[in-house]
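J.: Just dropping this structure here.
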Amino acid sequence: MRRFDLIAVCGALVWVVTAVSFPAAQIVTFQPLPLKQFLEENGWVSLPLPDKRMAPGSVAKVTKKDGTVTMQWLGDLRRCGITDREFGYVRGKYSPIGIGDSFGINASIALRYVAKLEGTVDFEKAGGAIMRIEDSGGDAVDFDGLTNWMARSGAARRMPQVCNNFLAQEDIYLVSEAFRISKASYGLVDKNGARLTITGGAFVQAGSRPSGTLSVSDDLYFGVRHVKQLAPDLFEPWLASRTVPEADALLRLIEP
């Protein structure tokens with residue numbers, strides 16, 4: 001077994017590639033729980049694809065047309081002049097879950113990392129991926145704190161007019177809580193459950209039958225909840241005592 005550690009100079013992203021030998025015909029002997037099911041069981045709405053931009057404080061457009069629900073990331077409130085302190089951002093507000101457990105995920109997630117590392121794998125054979133969580137947590141912003149801040153004199157004027165117009169739309173929502181996986185290892189399997197070999201680029205061969213698992217340290221959001229409508233509550237804080245509409249039920253209808 002040989003191992004190479006690749007560390008970005010800026011320190012923001014760490015890639016660790018571990019090459020491990022497996023018999024060519026090795027079959028995964030268990031069916032890991034789908035990550036989507038695990039997230040739902042723990043109160044999170046699984047995103048169709050993980051997105052590092054879907055952090056708490058981000059703004060998304062959620063629409064339903066002809067029975068089809070879509071969620072589109074539009075931006076982040078930080079770009080409108082609001083700071084983490086002002087809307088009560090807390091990293092790790094909710095404890096890690098799933099640490100040390102393996103889950104089934106879409107193969108495209110692992111394939112994206114393989115491509116970034118200039119690895120080589122039979123893309124057409126990839127039927128799925130298995131992810132082992134090594135670090136996770138739930139991050140959050142305080143919606144009530146945000147509305148209170150907006151009610152203060154001059155707060156709205158601090159925001160560019162384009163932000164005020166943008167946030168006042170009815171189909172615009174704030175991601176107030178998001179589930180983050182900060183470190184995980186990935187392996188690819190074919191449609192029959194046999195582990196696929198990964199070589200090339202940063203990967204090294206181990207014996208005559210090279211294979212690999214990829215360990216990635218990078219914040220990536222896999223689930224959200226309490227996705228709250230921004231209008232009218234954000235600009236009419238006296239209405240904040242009423243129940244703020246949420247898009248969580250709609251988001252559960254999105255096809256994976």
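Chain lettering (A, B, ...) mirrors the order of the structure tokens, residue numbering begins at 1 for each chain separately, and ligand numbering begins at 1 in order of display.
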With a distance cut-off of 8 Å and only C-alpha atoms, select the neighbouring residues of Ser95 (chain A), excluding the residue or stretch itself and same-chain residues fewer than 5 positions from it, and output the selection as an MDAnalysis selection string.
T.: chainID A and resid 136:138
J.: Would you save the residues of that selection, restricted to N, CA and C atoms, as a PDB file, in the first residue's frame?
T.:
```pdb
ATOM      1  N   SER A 136     -18.475  15.942   9.740  1.00  0.00           N
ATOM      2  CA  SER A 136     -19.725  16.548   9.291  1.00  0.00           C
ATOM      3  C   SER A 136     -20.251  17.496  10.362  1.00  0.00           C
ATOM      4  N   GLY A 137     -21.346  18.172  10.058  1.00  0.00           N
ATOM      5  CA  GLY A 137     -21.971  19.064  11.026  1.00  0.00           C
ATOM      6  C   GLY A 137     -23.116  19.827  10.396  1.00  0.00           C
ATOM      7  N   GLY A 138     -23.950  20.411  11.239  1.00  0.00           N
ATOM      8  CA  GLY A 138     -25.060  21.218  10.765  1.00  0.00           C
ATOM      9  C   GLY A 138     -24.819  22.685  11.073  1.00  0.00           C
TER      10      GLY A 138
END
```
J.: So, with only C-alpha atoms as the atoms that count, which of A:Val121, A:Leu220, A:Ala60, A:Val244 lies closest to Asp144 (chain A)?
T.: A:Val244
J.: Could the residues of region 130-162 of chain A that have an atom at most 12 Å from region 79-86 of chain A be listed as a tab-separated table, each with its closest atom pair and the distance in Å to one decimal, counting only C-alpha atoms and ordered by chain and ascending residue number?
T.:
```
residue	atom	partner	partner_atom	distance
A:Asp139	CA	A:Asp84	CA	11.9
A:Ala140	CA	A:Asp84	CA	10.4
A:Val141	CA	A:Asp84	CA	8.2
A:Asp142	CA	A:Glu86	CA	9.1
A:Phe143	CA	A:Glu86	CA	10.4
A:Asp144	CA	A:Glu86	CA	10.8
A:Gly145	CA	A:Glu86	CA	7.3
A:Leu146	CA	A:Glu86	CA	6.8
A:Thr147	CA	A:Glu86	CA	10.1
A:Asn148	CA	A:Glu86	CA	9.4
A:Trp149	CA	A:Glu86	CA	6.8
A:Met150	CA	A:Glu86	CA	9.6
A:Arg152	CA	A:Glu86	CA	11.4
A:Ala155	CA	A:Ile82	CA	9.2
A:Ala156	CA	A:Cys80	CA	10.0
A:Arg157	CA	A:Gly81	CA	10.2
A:Arg158	CA	A:Gly81	CA	6.8
A:Met159	CA	A:Cys80	CA	5.3
A:Pro160	CA	A:Cys80	CA	6.5
A:Gln161	CA	A:Cys80	CA	9.3
A:Val162	CA	A:Cys80	CA	8.9
```
J.: Please run DSSP on the backbone and report, as number ranges by chain, all residues within region 10-190 of chain A that come out as strand (DSSP E or B).
T.: A: 14-19, 27, 33-34, 45-51, 58-65, 68-76, 90-94, 102-105, 120, 126-140, 172-190
J.: Quote the spacing between CA of Asp101 (chain A) and CA of Leu250 (chain A) in Å to one decimal place.
T.: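 Going from CA of Asp101 (chain A) over to CA of Leu250 (chain A), I get 28.5 Å.
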